[in-house]
>>> print(open('final27.cif').read())   # mmCIF, N, CA and C atoms
data_model
loop_
_atom_site.label_atom_id
_atom_site.label_comp_id
_atom_site.auth_asym_id
_atom_site.auth_seq_id
_atom_site.Cartn_x
_atom_site.Cartn_y
_atom_site.Cartn_z
N MET L 1 0.85 -1.17 0.00
CA MET L 1 0.00 0.00 0.00
C MET L 1 0.90 1.24 0.00
N ASN L 2 0.57 2.20 -0.85
CA ASN L 2 1.30 3.47 -0.93
C ASN L 2 0.42 4.59 -0.40
N ILE L 3 0.95 5.31 0.58
CA ILE L 3 0.20 6.37 1.24
C ILE L 3 0.95 7.68 1.08
N LEU L 4 0.21 8.71 0.69
CA LEU L 4 0.77 10.06 0.55
C LEU L 4 0.15 10.97 1.59
N LEU L 5 1.00 11.63 2.37
CA LEU L 5 0.57 12.59 3.38
C LEU L 5 0.87 13.99 2.85
N ALA L 6 -0.15 14.82 2.71
CA ALA L 6 0.02 16.16 2.15
C ALA L 6 -0.39 17.20 3.19
N ASP L 7 0.59 17.92 3.69
CA ASP L 7 0.34 18.97 4.68
C ASP L 7 1.50 19.95 4.61
N ASP L 8 1.22 21.22 4.81
CA ASP L 8 2.28 22.23 4.73
C ASP L 8 2.97 22.45 6.08
N HIS L 9 2.69 21.63 7.06
CA HIS L 9 3.33 21.73 8.37
C HIS L 9 4.18 20.49 8.61
N PRO L 10 5.51 20.62 8.59
CA PRO L 10 6.39 19.46 8.77
C PRO L 10 6.13 18.70 10.07
N LEU L 11 5.78 19.39 11.13
CA LEU L 11 5.53 18.71 12.41
C LEU L 11 4.32 17.79 12.29
N VAL L 12 3.27 18.23 11.62
CA VAL L 12 2.08 17.40 11.41
C VAL L 12 2.44 16.20 10.54
N LEU L 13 3.21 16.43 9.48
CA LEU L 13 3.63 15.32 8.62
C LEU L 13 4.42 14.28 9.40
N ASP L 14 5.35 14.74 10.23
CA ASP L 14 6.16 13.81 11.01
C ASP L 14 5.29 12.99 11.96
N GLY L 15 4.32 13.63 12.61
CA GLY L 15 3.43 12.93 13.53
C GLY L 15 2.56 11.90 12.82
N LEU L 16 1.96 12.29 11.71
CA LEU L 16 1.14 11.36 10.93
C LEU L 16 1.98 10.20 10.41
N LYS L 17 3.15 10.52 9.91
CA LYS L 17 4.03 9.49 9.36
C LYS L 17 4.41 8.48 10.44
N SER L 18 4.75 8.97 11.60
CA SER L 18 5.13 8.10 12.71
C SER L 18 3.97 7.19 13.12
N ALA L 19 2.78 7.75 13.25
CA ALA L 19 1.61 6.97 13.65
C ALA L 19 1.26 5.91 12.60
N ILE L 20 1.32 6.27 11.33
CA ILE L 20 0.96 5.33 10.26
C ILE L 20 2.03 4.25 10.12
N GLU L 21 3.29 4.61 10.28
CA GLU L 21 4.37 3.61 10.22
C GLU L 21 4.19 2.54 11.29
N ARG L 22 3.76 2.94 12.48
CA ARG L 22 3.56 1.95 13.56
C ARG L 22 2.40 1.01 13.24
N LYS L 23 1.37 1.53 12.62
CA LYS L 23 0.16 0.74 12.35
C LYS L 23 0.29 -0.09 11.07
N PHE L 24 0.87 0.48 10.03
CA PHE L 24 0.98 -0.18 8.73
C PHE L 24 2.46 -0.33 8.37
N LYS L 25 3.08 -1.33 8.91
CA LYS L 25 4.53 -1.51 8.77
C LYS L 25 4.98 -1.76 7.33
N ASP L 26 4.11 -2.32 6.51
CA ASP L 26 4.48 -2.63 5.12
C ASP L 26 4.14 -1.52 4.13
N ALA L 27 3.53 -0.45 4.59
CA ALA L 27 3.12 0.64 3.70
C ALA L 27 4.33 1.50 3.32
N ALA L 28 4.32 1.96 2.08
CA ALA L 28 5.31 2.94 1.63
C ALA L 28 4.68 4.31 1.85
N LEU L 29 5.39 5.17 2.58
CA LEU L 29 4.86 6.50 2.90
C LEU L 29 5.63 7.58 2.16
N TYR L 30 4.88 8.53 1.64
CA TYR L 30 5.43 9.68 0.94
C TYR L 30 4.84 10.93 1.57
N THR L 31 5.57 12.02 1.51
CA THR L 31 5.07 13.28 2.07
C THR L 31 5.19 14.38 1.03
N ALA L 32 4.27 15.34 1.15
CA ALA L 32 4.27 16.51 0.26
C ALA L 32 3.98 17.74 1.10
N LEU L 33 4.82 18.75 0.96
CA LEU L 33 4.66 20.01 1.68
C LEU L 33 3.91 21.06 0.87
N CYS L 34 3.70 20.78 -0.43
CA CYS L 34 3.00 21.73 -1.30
C CYS L 34 2.31 20.97 -2.43
N ALA L 35 1.46 21.65 -3.16
CA ALA L 35 0.71 21.02 -4.25
C ALA L 35 1.63 20.47 -5.34
N THR L 36 2.72 21.16 -5.61
CA THR L 36 3.66 20.69 -6.63
C THR L 36 4.24 19.33 -6.24
N GLU L 37 4.64 19.19 -4.98
CA GLU L 37 5.16 17.91 -4.51
C GLU L 37 4.08 16.83 -4.55
N LEU L 38 2.86 17.19 -4.19
CA LEU L 38 1.75 16.25 -4.22
C LEU L 38 1.59 15.68 -5.62
N TYR L 39 1.52 16.55 -6.62
CA TYR L 39 1.34 16.10 -8.01
C TYR L 39 2.56 15.32 -8.52
N ASP L 40 3.75 15.69 -8.08
CA ASP L 40 4.95 14.93 -8.47
C ASP L 40 4.85 13.49 -7.97
N HIS L 41 4.43 13.31 -6.73
CA HIS L 41 4.27 11.96 -6.18
C HIS L 41 3.20 11.18 -6.93
N LEU L 42 2.08 11.83 -7.22
CA LEU L 42 0.99 11.15 -7.92
C LEU L 42 1.40 10.74 -9.33
N LYS L 43 2.26 11.51 -9.95
CA LYS L 43 2.74 11.17 -11.30
C LYS L 43 3.76 10.04 -11.27
N ASN L 44 4.54 9.96 -10.19
CA ASN L 44 5.68 9.03 -10.15
C ASN L 44 5.44 7.76 -9.34
N GLN L 45 4.43 7.74 -8.48
CA GLN L 45 4.11 6.56 -7.69
C GLN L 45 2.63 6.25 -7.84
N GLU L 46 2.29 5.00 -7.68
CA GLU L 46 0.88 4.63 -7.68
C GLU L 46 0.39 4.74 -6.24
N ILE L 47 -0.22 5.86 -5.91
CA ILE L 47 -0.66 6.14 -4.54
C ILE L 47 -2.07 5.55 -4.35
N ASP L 48 -2.25 4.86 -3.22
CA ASP L 48 -3.54 4.26 -2.90
C ASP L 48 -4.40 5.19 -2.04
N ILE L 49 -3.76 5.83 -1.07
CA ILE L 49 -4.48 6.68 -0.12
C ILE L 49 -3.76 8.02 0.02
N LEU L 50 -4.53 9.09 -0.01
CA LEU L 50 -4.00 10.44 0.19
C LEU L 50 -4.64 11.04 1.43
N PHE L 51 -3.82 11.42 2.39
CA PHE L 51 -4.27 12.21 3.53
C PHE L 51 -4.00 13.67 3.18
N GLN L 52 -5.04 14.43 2.91
CA GLN L 52 -4.92 15.80 2.39
C GLN L 52 -5.33 16.83 3.42
N ASP L 53 -4.44 17.76 3.70
CA ASP L 53 -4.76 18.91 4.56
C ASP L 53 -5.77 19.79 3.81
N ILE L 54 -6.75 20.32 4.53
CA ILE L 54 -7.76 21.18 3.90
C ILE L 54 -7.13 22.50 3.45
N LYS L 55 -6.47 23.20 4.35
CA LYS L 55 -5.76 24.44 4.02
C LYS L 55 -4.31 24.07 3.80
N PHE L 56 -3.96 23.89 2.55
CA PHE L 56 -2.68 23.33 2.15
C PHE L 56 -1.78 24.43 1.61
N GLY L 57 -1.16 25.19 2.53
CA GLY L 57 -0.35 26.33 2.12
C GLY L 57 -1.21 27.37 1.46
N GLU L 58 -0.83 27.79 0.27
CA GLU L 58 -1.60 28.77 -0.50
C GLU L 58 -2.77 28.12 -1.23
N THR L 59 -2.80 26.80 -1.26
CA THR L 59 -3.82 26.06 -1.98
C THR L 59 -4.86 25.52 -1.00
N HIS L 60 -6.11 25.65 -1.34
CA HIS L 60 -7.17 25.06 -0.53
C HIS L 60 -7.52 23.73 -1.18
N ALA L 61 -7.73 22.70 -0.38
CA ALA L 61 -8.01 21.36 -0.91
C ALA L 61 -9.19 21.38 -1.87
N ARG L 62 -10.19 22.20 -1.61
CA ARG L 62 -11.35 22.27 -2.51
C ARG L 62 -10.96 22.64 -3.93
N ASP L 63 -9.87 23.39 -4.05
CA ASP L 63 -9.43 23.83 -5.38
C ASP L 63 -8.83 22.69 -6.21
N ILE L 64 -8.35 21.65 -5.55
CA ILE L 64 -7.70 20.58 -6.31
C ILE L 64 -8.45 19.24 -6.24
N LEU L 65 -9.47 19.13 -5.39
CA LEU L 65 -10.17 17.86 -5.25
C LEU L 65 -10.83 17.39 -6.54
N LYS L 66 -11.46 18.29 -7.27
CA LYS L 66 -12.09 17.89 -8.53
C LYS L 66 -11.05 17.33 -9.50
N ASP L 67 -9.91 18.01 -9.58
CA ASP L 67 -8.84 17.56 -10.46
C ASP L 67 -8.32 16.19 -10.02
N LEU L 68 -8.13 16.01 -8.71
CA LEU L 68 -7.65 14.72 -8.22
C LEU L 68 -8.63 13.61 -8.53
N LYS L 69 -9.91 13.85 -8.30
CA LYS L 69 -10.92 12.82 -8.56
C LYS L 69 -11.03 12.50 -10.05
N LEU L 70 -10.86 13.50 -10.89
CA LEU L 70 -10.93 13.30 -12.33
C LEU L 70 -9.72 12.52 -12.85
N ASN L 71 -8.54 12.91 -12.44
CA ASN L 71 -7.31 12.32 -12.96
C ASN L 71 -6.82 11.09 -12.22
N TYR L 72 -7.28 10.88 -11.00
CA TYR L 72 -6.88 9.73 -10.19
C TYR L 72 -8.12 9.10 -9.56
N PRO L 73 -9.00 8.53 -10.36
CA PRO L 73 -10.30 8.04 -9.85
C PRO L 73 -10.19 6.93 -8.81
N LYS L 74 -9.12 6.16 -8.80
CA LYS L 74 -8.96 5.08 -7.82
C LYS L 74 -8.41 5.58 -6.49
N LEU L 75 -7.90 6.78 -6.45
CA LEU L 75 -7.29 7.34 -5.25
C LEU L 75 -8.32 7.57 -4.15
N LYS L 76 -8.02 7.05 -2.96
CA LYS L 76 -8.85 7.29 -1.79
C LYS L 76 -8.32 8.55 -1.10
N ILE L 77 -9.18 9.52 -0.88
CA ILE L 77 -8.78 10.81 -0.30
C ILE L 77 -9.41 10.98 1.06
N ILE L 78 -8.56 11.25 2.03
CA ILE L 78 -9.03 11.49 3.40
C ILE L 78 -8.64 12.92 3.78
#
>>> encode(input="final27.cif", output="structure tokens")
Amino acid sequence: MNILLADDHPLVLDGLKSAIERKFKDAALYTALCATELYDHLKNQEIDILFQDIKFGETHARDILKDLKLNYPKLKII
């Protein structure tokens, strides 16, 4: 399972990553601090689950959710 954590706060990313690593030892975890990094990961890895921050830096999740659902229909977004 490939999981992408997208948040513009490194402390939040570290906490989520640590918690998920303990629970899902076989999962590959990726992190994104901005929308550009998020899209780079989606283009280069087959991501199964995305944990998306609502207020993601200068980008609001609502602004990219339609695009994500259209271009990555199998992606589970939390």
>>> closest_residue(input="final27.cif", among="L:Leu42, L:Ile3, L:Leu16, L:Ala35", to="Lys55 in chain L", atoms="only C-alpha atoms")
L:Ala35
>>> atom_distance(input="final27.cif", atom1="CA of Ile78 in chain L", atom2="CA of Phe51 in chain L")
4.8 Å
>>> closest_residue(input="final27.cif", among="L:Leu38, L:Ala32, L:Ala61, L:Ile47", to="His9 in chain L", atoms="only C-alpha atoms")
L:Ala32
>>> resolve_selection(input="final27.cif", expression="the PyMOL selection byres ((chain L and resi 50) around 5)", output="MDAnalysis selection string")
chainID L and resid 4 48:49 51:52 76:78
>>> select_by_dssp(input="final27.cif", residues="range 29-72 of chain L", states="alpha helix (DSSP H)", output="list in words")
Ala35, Thr36, Glu37, Leu38, Tyr39, Asp40, His41, Leu42, Lys43, Asn44, Ala61, Arg62, Asp63, Ile64, Leu65, Lys66, Asp67, Leu68, Lys69, Leu70 and Asn71 of chain L
>>> atom_distance(input="final27.cif", atom1="CA of Phe56 in chain L", atom2="atom N of Lys23 in chain L")
24.5 Å
>>> resolve_selection(input="final27.cif", expression="the PyMOL selection byres (((chain L and resi 8 and name CA) around 7) and name CA)", output="short mmCIF file (atom, residue, chain, number, x, y, z; two decimals) with N, CA and C atoms, keeping the file's coordinate frame")
data_model
loop_
_atom_site.label_atom_id
_atom_site.label_comp_id
_atom_site.auth_asym_id
_atom_site.auth_seq_id
_atom_site.Cartn_x
_atom_site.Cartn_y
_atom_site.Cartn_z
N ALA L 6 -0.15 14.82 2.71
CA ALA L 6 0.02 16.16 2.15
C ALA L 6 -0.39 17.20 3.19
N ASP L 7 0.59 17.92 3.69
CA ASP L 7 0.34 18.97 4.68
C ASP L 7 1.50 19.95 4.61
N HIS L 9 2.69 21.63 7.06
CA HIS L 9 3.33 21.73 8.37
C HIS L 9 4.18 20.49 8.61
N PRO L 10 5.51 20.62 8.59
CA PRO L 10 6.39 19.46 8.77
C PRO L 10 6.13 18.70 10.07
N LEU L 33 4.82 18.75 0.96
CA LEU L 33 4.66 20.01 1.68
C LEU L 33 3.91 21.06 0.87
N CYS L 34 3.70 20.78 -0.43
CA CYS L 34 3.00 21.73 -1.30
C CYS L 34 2.31 20.97 -2.43
N PHE L 56 -3.96 23.89 2.55
CA PHE L 56 -2.68 23.33 2.15
C PHE L 56 -1.78 24.43 1.61
N GLY L 57 -1.16 25.19 2.53
CA GLY L 57 -0.35 26.33 2.12
C GLY L 57 -1.21 27.37 1.46
#
>>> atom_distance(input="final27.cif", atom1="CA of Met1 in chain L", atom2="atom N of Ala28 in chain L")
5.2 Å
>>> closest_residue(input="final27.cif", among="L:Leu29, L:Asn71, L:Leu5, L:Leu11", to="Lys43 in chain L", atoms="only C-alpha atoms")
L:Asn71
>>> closest_residue(input="final27.cif", among="L:His41, L:Thr36, L:Ile20, L:Glu46", to="Ile64 in chain L", atoms="only C-alpha atoms")
L:Thr36
>>> select_by_dssp(input="final27.cif", residues="chain L", states="strand (DSSP E or B)", output="JSON, numbers by chain")
{"L": [2, 3, 4, 5, 6, 28, 29, 30, 31, 32, 49, 50, 51, 52, 55, 56, 59, 60, 76, 77]}
>>> write_last_selection(input="final27.cif", atoms="N, CA and C atoms", output="PDB file, in the frame of the given file")
ATOM      1  N   ASN L   2       0.570   2.200  -0.850  1.00  0.00           N
ATOM      2  CA  ASN L   2       1.300   3.470  -0.930  1.00  0.00           C
ATOM      3  C   ASN L   2       0.420   4.590  -0.400  1.00  0.00           C
ATOM      4  N   ILE L   3       0.950   5.310   0.580  1.00  0.00           N
ATOM      5  CA  ILE L   3       0.200   6.370   1.240  1.00  0.00           C
ATOM      6  C   ILE L   3       0.950   7.680   1.080  1.00  0.00           C
ATOM      7  N   LEU L   4       0.210   8.710   0.690  1.00  0.00           N
ATOM      8  CA  LEU L   4       0.770  10.060   0.550  1.00  0.00           C
ATOM      9  C   LEU L   4       0.150  10.970   1.590  1.00  0.00           C
ATOM     10  N   LEU L   5       1.000  11.630   2.370  1.00  0.00           N
ATOM     11  CA  LEU L   5       0.570  12.590   3.380  1.00  0.00           C
ATOM     12  C   LEU L   5       0.870  13.990   2.850  1.00  0.00           C
ATOM     13  N   ALA L   6      -0.150  14.820   2.710  1.00  0.00           N
ATOM     14  CA  ALA L   6       0.020  16.160   2.150  1.00  0.00           C
ATOM     15  C   ALA L   6      -0.390  17.200   3.190  1.00  0.00           C
ATOM     16  N   ALA L  28       4.320   1.960   2.080  1.00  0.00           N
ATOM     17  CA  ALA L  28       5.310   2.940   1.630  1.00  0.00           C
ATOM     18  C   ALA L  28       4.680   4.310   1.850  1.00  0.00           C
ATOM     19  N   LEU L  29       5.390   5.170   2.580  1.00  0.00           N
ATOM     20  CA  LEU L  29       4.860   6.500   2.900  1.00  0.00           C
ATOM     21  C   LEU L  29       5.630   7.580   2.160  1.00  0.00           C
ATOM     22  N   TYR L  30       4.880   8.530   1.640  1.00  0.00           N
ATOM     23  CA  TYR L  30       5.430   9.680   0.940  1.00  0.00           C
ATOM     24  C   TYR L  30       4.840  10.930   1.570  1.00  0.00           C
ATOM     25  N   THR L  31       5.570  12.020   1.510  1.00  0.00           N
ATOM     26  CA  THR L  31       5.070  13.280   2.070  1.00  0.00           C
ATOM     27  C   THR L  31       5.190  14.380   1.030  1.00  0.00           C
ATOM     28  N   ALA L  32       4.270  15.340   1.150  1.00  0.00           N
ATOM     29  CA  ALA L  32       4.270  16.510   0.260  1.00  0.00           C
ATOM     30  C   ALA L  32       3.980  17.740   1.100  1.00  0.00           C
ATOM     31  N   ILE L  49      -3.760   5.830  -1.070  1.00  0.00           N
ATOM     32  CA  ILE L  49      -4.480   6.680  -0.120  1.00  0.00           C
ATOM     33  C   ILE L  49      -3.760   8.020   0.020  1.00  0.00           C
ATOM     34  N   LEU L  50      -4.530   9.090  -0.010  1.00  0.00           N
ATOM     35  CA  LEU L  50      -4.000  10.440   0.190  1.00  0.00           C
ATOM     36  C   LEU L  50      -4.640  11.040   1.430  1.00  0.00           C
ATOM     37  N   PHE L  51      -3.820  11.420   2.390  1.00  0.00           N
ATOM     38  CA  PHE L  51      -4.270  12.210   3.530  1.00  0.00           C
ATOM     39  C   PHE L  51      -4.000  13.670   3.180  1.00  0.00           C
ATOM     40  N   GLN L  52      -5.040  14.430   2.910  1.00  0.00           N
ATOM     41  CA  GLN L  52      -4.920  15.800   2.390  1.00  0.00           C
ATOM     42  C   GLN L  52      -5.330  16.830   3.420  1.00  0.00           C
ATOM     43  N   LYS L  55      -6.470  23.200   4.350  1.00  0.00           N
ATOM     44  CA  LYS L  55      -5.760  24.440   4.020  1.00  0.00           C
ATOM     45  C   LYS L  55      -4.310  24.070   3.800  1.00  0.00           C
ATOM     46  N   PHE L  56      -3.960  23.890   2.550  1.00  0.00           N
ATOM     47  CA  PHE L  56      -2.680  23.330   2.150  1.00  0.00           C
ATOM     48  C   PHE L  56      -1.780  24.430   1.610  1.00  0.00           C
ATOM     49  N   THR L  59      -2.800  26.800  -1.260  1.00  0.00           N
ATOM     50  CA  THR L  59      -3.820  26.060  -1.980  1.00  0.00           C
ATOM     51  C   THR L  59      -4.860  25.520  -1.000  1.00  0.00           C
ATOM     52  N   HIS L  60      -6.110  25.650  -1.340  1.00  0.00           N
ATOM     53  CA  HIS L  60      -7.170  25.060  -0.530  1.00  0.00           C
ATOM     54  C   HIS L  60      -7.520  23.730  -1.180  1.00  0.00           C
ATOM     55  N   LYS L  76      -8.020   7.050  -2.960  1.00  0.00           N
ATOM     56  CA  LYS L  76      -8.850   7.290  -1.790  1.00  0.00           C
ATOM     57  C   LYS L  76      -8.320   8.550  -1.100  1.00  0.00           C
ATOM     58  N   ILE L  77      -9.180   9.520  -0.880  1.00  0.00           N
ATOM     59  CA  ILE L  77      -8.780  10.810  -0.300  1.00  0.00           C
ATOM     60  C   ILE L  77      -9.410  10.980   1.060  1.00  0.00           C
TER      61      ILE L  77
END
>>> decode(input="final27.cif", residues="range 10-21 of chain L", atoms="all heavy atoms", output="mmCIF file, in the first residue's frame")
data_model
loop_
_atom_site.group_PDB
_atom_site.id
_atom_site.type_symbol
_atom_site.label_atom_id
_atom_site.label_comp_id
_atom_site.auth_asym_id
_atom_site.auth_seq_id
_atom_site.Cartn_x
_atom_site.Cartn_y
_atom_site.Cartn_z
ATOM 1 N N PRO L 10 5.512 20.622 8.590
ATOM 2 C CA PRO L 10 6.391 19.461 8.768
ATOM 3 C C PRO L 10 6.134 18.698 10.072
ATOM 4 O O PRO L 10 6.227 17.467 10.090
ATOM 5 C CB PRO L 10 7.798 20.075 8.765
ATOM 6 C CG PRO L 10 7.653 21.338 7.999
ATOM 7 C CD PRO L 10 6.271 21.842 8.308
ATOM 8 N N LEU L 11 5.782 19.390 11.134
ATOM 9 C CA LEU L 11 5.525 18.714 12.406
ATOM 10 C C LEU L 11 4.316 17.786 12.294
ATOM 11 O O LEU L 11 4.331 16.657 12.793
ATOM 12 C CB LEU L 11 5.300 19.745 13.514
ATOM 13 C CG LEU L 11 5.104 19.199 14.919
ATOM 14 C CD1 LEU L 11 6.326 18.430 15.377
ATOM 15 C CD2 LEU L 11 4.823 20.339 15.895
ATOM 16 N N VAL L 12 3.270 18.234 11.620
ATOM 17 C CA VAL L 12 2.083 17.403 11.405
ATOM 18 C C VAL L 12 2.439 16.199 10.541
ATOM 19 O O VAL L 12 2.051 15.060 10.841
ATOM 20 C CB VAL L 12 0.941 18.224 10.759
ATOM 21 C CG1 VAL L 12 -0.226 17.322 10.373
ATOM 22 C CG2 VAL L 12 0.481 19.326 11.694
ATOM 23 N N LEU L 13 3.208 16.425 9.485
ATOM 24 C CA LEU L 13 3.627 15.321 8.622
ATOM 25 C C LEU L 13 4.418 14.277 9.402
ATOM 26 O O LEU L 13 4.188 13.077 9.256
ATOM 27 C CB LEU L 13 4.475 15.832 7.452
ATOM 28 C CG LEU L 13 3.742 16.502 6.306
ATOM 29 C CD1 LEU L 13 4.737 17.006 5.266
ATOM 30 C CD2 LEU L 13 2.749 15.568 5.674
ATOM 31 N N ASP L 14 5.350 14.739 10.229
ATOM 32 C CA ASP L 14 6.157 13.808 11.014
ATOM 33 C C ASP L 14 5.292 12.988 11.963
ATOM 34 O O ASP L 14 5.493 11.781 12.118
ATOM 35 C CB ASP L 14 7.237 14.555 11.807
ATOM 36 C CG ASP L 14 8.334 15.115 10.928
ATOM 37 O OD1 ASP L 14 8.456 14.681 9.759
ATOM 38 O OD2 ASP L 14 9.084 15.985 11.405
ATOM 39 N N GLY L 15 4.319 13.631 12.613
ATOM 40 C CA GLY L 15 3.426 12.931 13.534
ATOM 41 C C GLY L 15 2.565 11.903 12.825
ATOM 42 O O GLY L 15 2.440 10.762 13.278
ATOM 43 N N LEU L 16 1.959 12.293 11.710
ATOM 44 C CA LEU L 16 1.144 11.357 10.930
ATOM 45 C C LEU L 16 1.983 10.196 10.408
ATOM 46 O O LEU L 16 1.573 9.033 10.479
ATOM 47 C CB LEU L 16 0.498 12.073 9.741
ATOM 48 C CG LEU L 16 -0.734 12.909 10.014
ATOM 49 C CD1 LEU L 16 -1.117 13.699 8.773
ATOM 50 C CD2 LEU L 16 -1.893 12.030 10.455
ATOM 51 N N LYS L 17 3.147 10.517 9.907
ATOM 52 C CA LYS L 17 4.025 9.487 9.358
ATOM 53 C C LYS L 17 4.411 8.481 10.437
ATOM 54 O O LYS L 17 4.345 7.271 10.220
ATOM 55 C CB LYS L 17 5.277 10.126 8.747
ATOM 56 C CG LYS L 17 6.156 9.154 8.021
ATOM 57 C CD LYS L 17 7.294 9.863 7.322
ATOM 58 C CE LYS L 17 8.158 8.849 6.608
ATOM 59 N NZ LYS L 17 9.289 9.455 5.940
ATOM 60 N N SER L 18 4.750 8.972 11.599
ATOM 61 C CA SER L 18 5.131 8.096 12.708
ATOM 62 C C SER L 18 3.973 7.190 13.121
ATOM 63 O O SER L 18 4.151 5.985 13.320
ATOM 64 C CB SER L 18 5.591 8.953 13.898
ATOM 65 O OG SER L 18 5.905 8.139 14.989
ATOM 66 N N ALA L 19 2.784 7.747 13.251
ATOM 67 C CA ALA L 19 1.612 6.966 13.651
ATOM 68 C C ALA L 19 1.261 5.909 12.601
ATOM 69 O O ALA L 19 0.953 4.760 12.942
ATOM 70 C CB ALA L 19 0.420 7.889 13.885
ATOM 71 N N ILE L 20 1.316 6.273 11.329
ATOM 72 C CA ILE L 20 0.965 5.334 10.258
ATOM 73 C C ILE L 20 2.025 4.248 10.124
ATOM 74 O O ILE L 20 1.703 3.076 9.900
ATOM 75 C CB ILE L 20 0.730 6.089 8.938
ATOM 76 C CG1 ILE L 20 -0.556 6.930 9.059
ATOM 77 C CG2 ILE L 20 0.625 5.123 7.764
ATOM 78 C CD1 ILE L 20 -0.783 7.881 7.922
ATOM 79 N N GLU L 21 3.295 4.608 10.285
ATOM 80 C CA GLU L 21 4.366 3.612 10.216
ATOM 81 C C GLU L 21 4.194 2.541 11.289
ATOM 82 O O GLU L 21 4.471 1.365 11.045
ATOM 83 C CB GLU L 21 5.739 4.277 10.374
ATOM 84 C CG GLU L 21 6.210 4.989 9.149
ATOM 85 C CD GLU L 21 7.502 5.748 9.359
ATOM 86 O OE1 GLU L 21 7.803 6.163 10.501
ATOM 87 O OE2 GLU L 21 8.211 5.943 8.361
#
